[in-house]
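> Hey, dropping my_file16.txt in here, compact mmCIF, C-alpha atoms and all ligand atoms:
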```txt
# COMPACT_ATOMS: atom_id res chain seq x y z
CA MET O 1 145.88 -124.75 -47.99
CA LYS O 2 145.78 -121.87 -45.51
CA LEU O 3 148.28 -121.74 -42.67
CA ASN O 4 146.97 -121.90 -39.15
CA LEU O 5 149.16 -119.39 -37.34
CA ASN O 6 147.91 -120.60 -33.98
CA ASN O 7 149.78 -123.78 -34.70
CA ALA O 8 153.26 -122.25 -34.45
CA ASN O 9 155.78 -123.63 -31.99
CA LEU O 10 159.43 -123.32 -31.10
CA ILE O 11 160.87 -126.70 -32.03
CA LEU O 12 164.60 -126.15 -31.77
CA THR O 13 167.02 -123.95 -29.86
CA ALA O 14 170.59 -124.65 -30.90
CA GLY O 15 173.50 -122.98 -29.15
CA LEU O 16 176.10 -125.37 -30.53
CA PRO O 17 176.71 -126.45 -34.13
CA GLY O 18 176.13 -130.12 -33.21
CA GLN O 19 172.58 -129.36 -32.15
CA LEU O 20 171.60 -128.18 -35.62
CA PRO O 21 171.36 -131.07 -38.03
CA GLY O 22 168.20 -132.59 -36.51
CA ILE O 23 165.68 -130.39 -38.27
CA MET O 24 167.92 -129.66 -41.19
CA ARG O 25 167.17 -132.95 -42.87
CA ASP O 26 163.51 -132.06 -43.20
CA GLU O 27 161.96 -131.22 -46.53
CA ILE O 28 160.00 -128.37 -44.98
CA PRO O 29 161.00 -125.00 -46.49
CA GLN O 30 162.98 -122.73 -44.18
CA VAL O 31 162.90 -118.96 -44.06
CA ALA O 32 165.83 -117.63 -42.03
CA MET O 33 166.19 -114.15 -40.51
CA CYS O 34 169.64 -112.67 -41.01
CA GLY O 35 170.79 -109.35 -39.64
CA ARG O 36 172.66 -107.47 -37.01
CA SER O 37 171.71 -107.59 -33.35
CA ASN O 38 168.74 -105.43 -32.50
CA VAL O 39 167.61 -104.99 -36.12
CA GLY O 40 164.27 -106.65 -35.35
CA LYS O 41 164.58 -110.32 -36.38
CA SER O 42 162.62 -111.74 -33.45
CA SER O 43 160.03 -108.96 -33.75
CA LEU O 44 159.55 -109.80 -37.43
CA ILE O 45 158.85 -113.43 -36.56
CA ASN O 46 156.32 -112.40 -33.93
CA LYS O 47 154.61 -110.02 -36.34
CA LEU O 48 154.44 -112.59 -39.13
CA LEU O 49 152.90 -115.08 -36.72
CA ASN O 50 150.66 -112.51 -35.07
CA ARG O 51 152.06 -113.41 -31.69
CA LYS O 52 153.40 -111.02 -29.09
CA LYS O 53 155.96 -113.12 -27.32
CA LEU O 54 156.70 -116.31 -29.22
CA ALA O 55 160.18 -115.12 -30.21
CA ARG O 56 162.01 -113.32 -27.44
CA VAL O 57 162.47 -109.59 -28.01
CA SER O 58 164.67 -107.38 -25.89
CA ALA O 59 165.73 -103.76 -25.73
CA GLU O 60 169.22 -105.06 -25.07
CA PRO O 61 171.07 -106.14 -28.24
CA GLY O 62 172.64 -109.55 -28.63
CA LYS O 63 169.81 -111.43 -26.94
CA THR O 64 169.33 -114.22 -29.46
CA VAL O 65 172.55 -116.21 -29.26
CA THR O 66 171.02 -119.43 -30.48
CA VAL O 67 169.46 -120.61 -33.72
CA ASN O 68 165.76 -120.78 -32.90
CA CYS O 69 163.48 -122.65 -35.23
CA TYR O 70 159.69 -122.21 -35.26
CA ASP O 71 157.47 -124.76 -36.94
CA VAL O 72 154.47 -123.12 -38.57
CA ASP O 73 151.61 -125.53 -39.08
CA SER O 74 154.02 -128.28 -40.21
CA SER O 75 154.43 -126.42 -43.53
CA LEU O 76 157.16 -123.90 -42.92
CA TYR O 77 160.06 -123.24 -40.60
CA LEU O 78 160.87 -119.70 -39.55
CA VAL O 79 164.44 -119.57 -38.29
CA ASP O 80 165.71 -116.82 -35.99
CA LEU O 81 169.47 -116.58 -36.48
CA PRO O 82 171.73 -114.94 -33.89
CA GLY O 83 172.54 -111.35 -34.82
CA TYR O 84 175.96 -110.03 -35.81
CA GLY O 85 177.71 -106.74 -35.23
CA TYR O 86 177.24 -106.61 -31.51
CA ALA O 87 180.40 -104.80 -30.45
CA LYS O 88 180.24 -105.78 -26.79
CA ARG O 89 180.58 -109.47 -27.52
CA SER O 90 183.83 -111.04 -26.40
CA PHE O 91 186.13 -112.77 -28.87
CA SER O 92 185.07 -116.22 -27.67
CA GLU O 93 181.39 -115.28 -28.00
CA ARG O 94 182.00 -114.09 -31.55
CA ASP O 95 183.87 -117.26 -32.35
CA LYS O 96 180.96 -119.29 -31.01
CA TRP O 97 178.55 -117.23 -33.14
CA LYS O 98 180.65 -117.80 -36.24
CA LYS O 99 180.87 -121.57 -35.78
CA LEU O 100 177.14 -121.84 -35.17
CA ILE O 101 176.12 -119.70 -38.11
CA ASP O 102 178.67 -121.32 -40.45
CA LYS O 103 177.15 -124.66 -39.60
CA TYR O 104 173.65 -123.37 -40.32
CA PHE O 105 174.75 -122.08 -43.71
CA ALA O 106 176.48 -125.36 -44.48
CA CYS O 107 173.45 -127.54 -43.70
CA ALA O 108 171.41 -128.62 -46.68
CA GLY O 109 167.79 -127.60 -46.87
CA GLN O 110 165.40 -125.47 -48.86
CA ARG O 111 166.19 -121.98 -47.69
CA LEU O 112 165.15 -118.46 -48.26
CA TYR O 113 166.96 -115.76 -46.32
CA LEU O 114 165.36 -112.54 -45.18
CA GLN O 115 168.21 -110.08 -44.82
CA LEU O 116 167.07 -107.46 -42.32
CA VAL O 117 168.44 -103.94 -42.52
CA ASP O 118 167.50 -101.05 -40.23
CA LEU O 119 165.84 -98.54 -42.56
CA LYS O 120 167.01 -95.57 -40.52
CA VAL O 121 170.62 -96.77 -40.26
CA GLY O 122 170.96 -98.16 -43.78
CA LEU O 123 173.44 -100.85 -44.80
CA THR O 124 176.30 -101.32 -42.35
CA LYS O 125 179.64 -102.86 -43.31
CA ASP O 126 178.52 -106.08 -41.62
CA ASP O 127 175.28 -106.06 -43.61
CA GLU O 128 177.28 -105.62 -46.81
CA ALA O 129 179.56 -108.52 -45.89
CA MET O 130 176.51 -110.69 -45.17
CA ILE O 131 174.85 -109.77 -48.47
CA SER O 132 178.07 -110.45 -50.39
CA PHE O 133 178.23 -113.85 -48.73
CA LEU O 134 174.61 -114.71 -49.57
CA THR O 135 175.16 -113.62 -53.17
CA SER O 136 178.43 -115.51 -53.53
CA MET O 137 176.77 -118.69 -52.23
CA GLU O 138 173.83 -118.13 -54.58
CA MET O 139 171.44 -118.22 -51.67
CA PRO O 140 168.06 -116.67 -52.44
CA PHE O 141 167.29 -113.66 -50.29
CA ALA O 142 165.00 -110.67 -49.93
CA VAL O 143 165.87 -107.47 -48.08
CA VAL O 144 163.46 -106.45 -45.32
CA CYS O 145 164.06 -102.89 -44.09
CA THR O 146 162.92 -102.75 -40.49
CA LYS O 147 161.63 -100.05 -38.14
CA ALA O 148 159.99 -98.15 -41.03
CA ASP O 149 157.68 -96.54 -38.46
CA LYS O 150 160.60 -94.42 -37.24
CA LEU O 151 160.82 -92.45 -40.48
CA ASN O 152 158.58 -89.96 -42.20
CA LYS O 153 157.38 -90.66 -45.72
CA THR O 154 160.17 -88.68 -47.45
CA ASN O 155 163.02 -90.20 -45.50
CA LYS O 156 161.52 -93.65 -45.80
CA ALA O 157 161.44 -93.39 -49.60
CA LYS O 158 164.94 -91.88 -49.68
CA ASN O 159 166.52 -94.55 -47.47
CA LEU O 160 164.71 -97.35 -49.25
CA GLU O 161 166.01 -96.09 -52.58
CA ALA O 162 169.58 -95.86 -51.23
CA ILE O 163 169.43 -99.49 -50.09
CA ARG O 164 167.85 -100.62 -53.34
CA LYS O 165 170.57 -98.87 -55.35
CA ASN O 166 173.46 -100.42 -53.45
CA PRO O 167 175.48 -102.31 -56.07
CA LEU O 168 175.67 -105.37 -53.82
CA ILE O 169 171.92 -105.86 -54.04
CA PRO O 170 170.83 -107.60 -57.23
CA GLU O 171 168.38 -105.58 -59.30
CA ASP O 172 165.74 -108.28 -59.11
CA ALA O 173 165.97 -108.66 -55.32
CA GLU O 174 162.89 -107.66 -53.34
CA VAL O 175 163.48 -104.71 -51.00
CA ILE O 176 160.61 -104.09 -48.61
CA ALA O 177 159.86 -101.50 -45.94
CA PHE O 178 158.62 -103.21 -42.80
CA SER O 179 157.49 -102.32 -39.32
CA SER O 180 156.70 -104.78 -36.60
CA GLN O 181 154.90 -101.97 -34.81
CA THR O 182 152.42 -101.01 -37.52
CA GLY O 183 152.43 -104.20 -39.57
CA GLU O 184 153.55 -102.32 -42.68
CA GLY O 185 155.08 -104.74 -45.15
CA ALA O 186 153.88 -107.91 -43.40
CA GLU O 187 151.62 -108.87 -46.25
CA GLU O 188 154.43 -108.40 -48.76
CA VAL O 189 156.78 -110.53 -46.68
CA TRP O 190 154.16 -113.28 -46.53
CA LYS O 191 153.78 -113.04 -50.30
CA ILE O 192 157.51 -113.62 -50.75
CA ILE O 193 157.48 -116.55 -48.32
CA ASN O 194 154.49 -117.99 -50.14
CA GLU O 195 156.17 -117.75 -53.55
CA PHE O 196 159.23 -119.48 -52.15
CA CYS O 197 157.22 -122.37 -50.64
CA ASP O 198 155.22 -122.70 -53.81
CA PHE O 199 158.48 -122.96 -55.75
CA VAL O 200 159.93 -125.54 -53.32
CA ASN O 201 157.00 -127.90 -52.97
CA GLY O 202 154.01 -126.44 -54.79
CA LYS O 203 152.30 -125.62 -51.50
CA ASP O 204 150.60 -122.34 -50.69
CA VAL O 205 151.36 -121.08 -47.21
CA LEU O 206 149.42 -117.85 -46.93
CA PRO O 207 147.89 -117.43 -43.49
CA GLN O 208 144.17 -117.74 -43.00
CA ASN O 209 142.39 -114.52 -43.97
CA ASP O 210 142.62 -111.44 -41.77
CA GLU O 211 145.45 -112.91 -39.75
CA ILE O 212 147.99 -110.51 -41.18
CA GLN O 213 147.62 -107.01 -39.92
CA SER O 214 149.01 -104.75 -42.55
CA GLN O 215 148.83 -101.02 -42.61
CA ASN O 216 150.50 -99.11 -45.37
N1 LIG D 301 160.06 -98.82 -33.61
C1 LIG D 301 160.32 -100.09 -33.87
N2 LIG D 301 161.05 -100.84 -33.03
C2 LIG D 301 161.29 -102.12 -33.34
C3 LIG D 301 160.82 -102.72 -34.55
N3 LIG D 301 161.25 -104.00 -34.59
C4 LIG D 301 161.95 -104.20 -33.47
N4 LIG D 301 161.98 -103.09 -32.70
C5 LIG D 301 162.64 -102.93 -31.38
O1 LIG D 301 164.03 -103.16 -31.54
C6 LIG D 301 164.56 -103.89 -30.44
C7 LIG D 301 165.21 -105.18 -30.91
O2 LIG D 301 164.24 -106.02 -31.51
P1 LIG D 301 164.47 -107.60 -31.64
O3 LIG D 301 163.34 -108.13 -32.44
O4 LIG D 301 164.73 -108.20 -30.31
O5 LIG D 301 165.82 -107.61 -32.50
P2 LIG D 301 166.72 -108.88 -32.90
O6 LIG D 301 167.21 -108.61 -34.28
O7 LIG D 301 165.97 -110.14 -32.69
O8 LIG D 301 167.94 -108.74 -31.86
P3 LIG D 301 168.96 -109.90 -31.33
O9 LIG D 301 168.13 -111.03 -30.82
O10 LIG D 301 169.72 -109.18 -30.29
O11 LIG D 301 169.83 -110.29 -32.49
C8 LIG D 301 163.37 -104.11 -29.48
O12 LIG D 301 163.38 -103.09 -28.52
C9 LIG D 301 162.17 -103.99 -30.39
O13 LIG D 301 161.00 -103.57 -29.70
C10 LIG D 301 160.04 -101.90 -35.44
O14 LIG D 301 159.58 -102.30 -36.52
N5 LIG D 301 159.83 -100.60 -35.04
MG MG D 302 166.37 -111.77 -31.48
```
Please rewrite the model in this file as structure tokens.
Ligand SMILES: Nc1nc2c(ncn2[C@@H]2O[C@H](COP(=O)(O)OP(=O)(O)OP(=O)(O)O)[C@@H](O)[C@H]2O)c(=O)[nH]1
Ligand SMILES: [Mg+2]

Amino acid sequence: MKLNLNNANLILTAGLPGQLPGIMRDEIPQVAMCGRSNVGKSSLINKLLNRKKLARVSAEPGKTVTVNCYDVDSSLYLVDLPGYGYAKRSFSERDKWKKLIDKYFACAGQRLYLQLVDLKVGLTKDDEAMISFLTSMEMPFAVVCTKADKLNKTNKAKNLEAIRKNPLIPEDAEVIAFSSQTGEGAEEVWKIINEFCDFVNGKDVLPQNDEIQSQN
């Protein structure tokens, strides 16, 4: 079955933990974007879905303060999680973020996490804490290194290698260079999502041909 990317819709915006469980009971596989504010989570969703403005993107960090869930052709959920590491957030805002995200992690469901890391910045302390958490909970994840377009070939390879070699990242974890501007890595990310869905329910979820714009 090929995914119809035109059939992608925002089905849930949860700002409070109590608003989450609705979709979480579903059998549909979920792929959740994890990462600090401004790393490019919403942009990744838009790029994967070939849409410009489905997920809200902003130059100002800390924009996504809700868990936003997109249904893709009734076969897959892409989940935009609120970003961490936004220094200007007040204590009560951070507390709200923690309660919401803790609840998401605690809900059952077939999940794959895409841990986003800015390729130019590398792993921050917050990223390392997040990765340690995912590993300790035995949650499957792949590392997507964003904004690859900002680096030349040499620095891209160097930074990618540094992330790959970080002892917190399991040797068999996928580490991918990605750019929502050029589409680099989009095909690889779809491949990972497809393998996960195939593993969960035996369904293929690759988009219809020529819908992914990849440029390596
Ligand atoms: N050059 C470049 N800029 C990017 C890329 N991805 C995202 N950006 C820019 O980075 C900024 C933040 O992108 P978002 O997708 O909103 O980031 P986010 O992780 O969803 O941020 P929050 O919602 O605040 O957690 C925007 O100005 C984007 O245009 C990329 O691959 N390359
Ligand atoms: Mg966002």
> Listing only residues of chain O within 10 Å of ligand LIG 301 (chain D), what is the closest atom pair and its distance in Å (to one decimal) for each, using all atoms listed in the file, sorted by chain and residue number ascending, as a tab-separated table?

```
residue	atom	partner	partner_atom	distance
O:Met33	CA	D:LIG301	O6	8.4
O:Cys34	CA	D:LIG301	O6	8.2
O:Gly35	CA	D:LIG301	O6	6.5
O:Arg36	CA	D:LIG301	O11	6.0
O:Ser37	CA	D:LIG301	O11	3.4
O:Asn38	CA	D:LIG301	O8	3.5
O:Val39	CA	D:LIG301	O6	4.1
O:Gly40	CA	D:LIG301	O5	3.4
O:Lys41	CA	D:LIG301	O6	3.8
O:Ser42	CA	D:LIG301	O7	3.8
O:Ser43	CA	D:LIG301	O3	3.7
O:Leu44	CA	D:LIG301	O3	6.5
O:Ile45	CA	D:LIG301	O3	8.1
O:Asn46	CA	D:LIG301	O3	8.4
O:Lys47	CA	D:LIG301	N3	9.1
O:Ala55	CA	D:LIG301	O3	8.0
O:Arg56	CA	D:LIG301	O4	6.5
O:Val57	CA	D:LIG301	O4	3.5
O:Ser58	CA	D:LIG301	O4	4.5
O:Ala59	CA	D:LIG301	O12	3.7
O:Glu60	CA	D:LIG301	O10	6.7
O:Pro61	CA	D:LIG301	O10	3.9
O:Gly62	CA	D:LIG301	O10	3.4
O:Lys63	CA	D:LIG301	O10	4.0
O:Thr64	CA	D:LIG301	O9	3.7
O:Val65	CA	D:LIG301	O9	7.0
O:Thr66	CA	D:LIG301	O9	8.9
O:Asp80	CA	D:LIG301	O7	7.5
O:Leu81	CA	D:LIG301	O11	7.5
O:Pro82	CA	D:LIG301	O11	5.2
O:Gly83	CA	D:LIG301	O11	3.7
O:Tyr84	CA	D:LIG301	O11	7.0
O:Gly85	CA	D:LIG301	O11	9.1
O:Tyr86	CA	D:LIG301	O10	8.0
O:Leu116	CA	D:LIG301	O6	8.1
O:Val117	CA	D:LIG301	O6	9.6
O:Asp118	CA	D:LIG301	O14	8.8
O:Leu119	CA	D:LIG301	O14	9.5
O:Cys145	CA	D:LIG301	O14	8.8
O:Thr146	CA	D:LIG301	O14	5.2
O:Lys147	CA	D:LIG301	O14	3.4
O:Ala148	CA	D:LIG301	O14	6.1
O:Asp149	CA	D:LIG301	N5	5.7
O:Lys150	CA	D:LIG301	N1	5.7
O:Leu151	CA	D:LIG301	N1	9.4
O:Ala177	CA	D:LIG301	O14	9.5
O:Phe178	CA	D:LIG301	O14	6.4
O:Ser179	CA	D:LIG301	O14	3.5
O:Ser180	CA	D:LIG301	O14	3.8
O:Gln181	CA	D:LIG301	O14	5.0
O:Thr182	CA	D:LIG301	O14	7.3
O:Gly183	CA	D:LIG301	O14	8.0
O:Glu184	CA	D:LIG301	O14	8.6
```
> If you measure from atom CA of Val143 of chain O to atom CA of Leu114 of chain O, what distance in Å do you get, rounded to one decimal?
5.9 Å
> Taking (147.0, -118.1, -41.8) in the file's coordinates, which residues come within 6 Å, counting all atoms listed in the file, written as a PyMOL selection string?
chain O and resi 2-5+206-208+211
> Mind checking which residues fall within 12 Å of Asn6 of chain O, counting all atoms listed in the file, ignoring those fewer than 5 positions away in the same chain, and posting them as a ChimeraX atom specification?
/O:46,48-51,54,70-74,207-208,211
> If I take atom CA of Asn201 of chain O and atom CA of Leu78 of chain O, how far is one from the other in Å, to one decimal?
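About the pair atom CA of Asn201 of chain O and atom CA of Leu78 of chain O: they are 16.2 Å apart.
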> To one decimal place, how far is atom CA of Arg111 of chain O from atom CA of Pro29 of chain O in Å?
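Atom CA of Pro29 of chain O lies 6.1 Å from atom CA of Arg111 of chain O.
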> When distances are computed from only C-alpha atoms, which of O:Lys53, O:Glu171, O:Lys156, O:Val31 shows the smallest separation from Met139 of chain O?
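Of all the options, O:Val31 lies closest to Met139 of chain O.
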> Once you add 6 Å to each side, what are the centre and edge lengths of the axis-aligned box holding all listed atoms of segment 9-22 of chain O? One decimal in Å, as JSON, if you can.

```
{"center_x": 166.2, "center_y": -127.8, "center_z": -33.6, "size_x": 32.9, "size_y": 21.6, "size_z": 20.9}
```
> List the neighbours of Lys191 of chain O out to 12 Å using all atoms listed in the file; skip same-chain residues closer than 4 positions along the sequence, and give me the result as number ranges by chain.
O: 48, 142, 174, 176, 185-187, 195-198, 204-207, 212
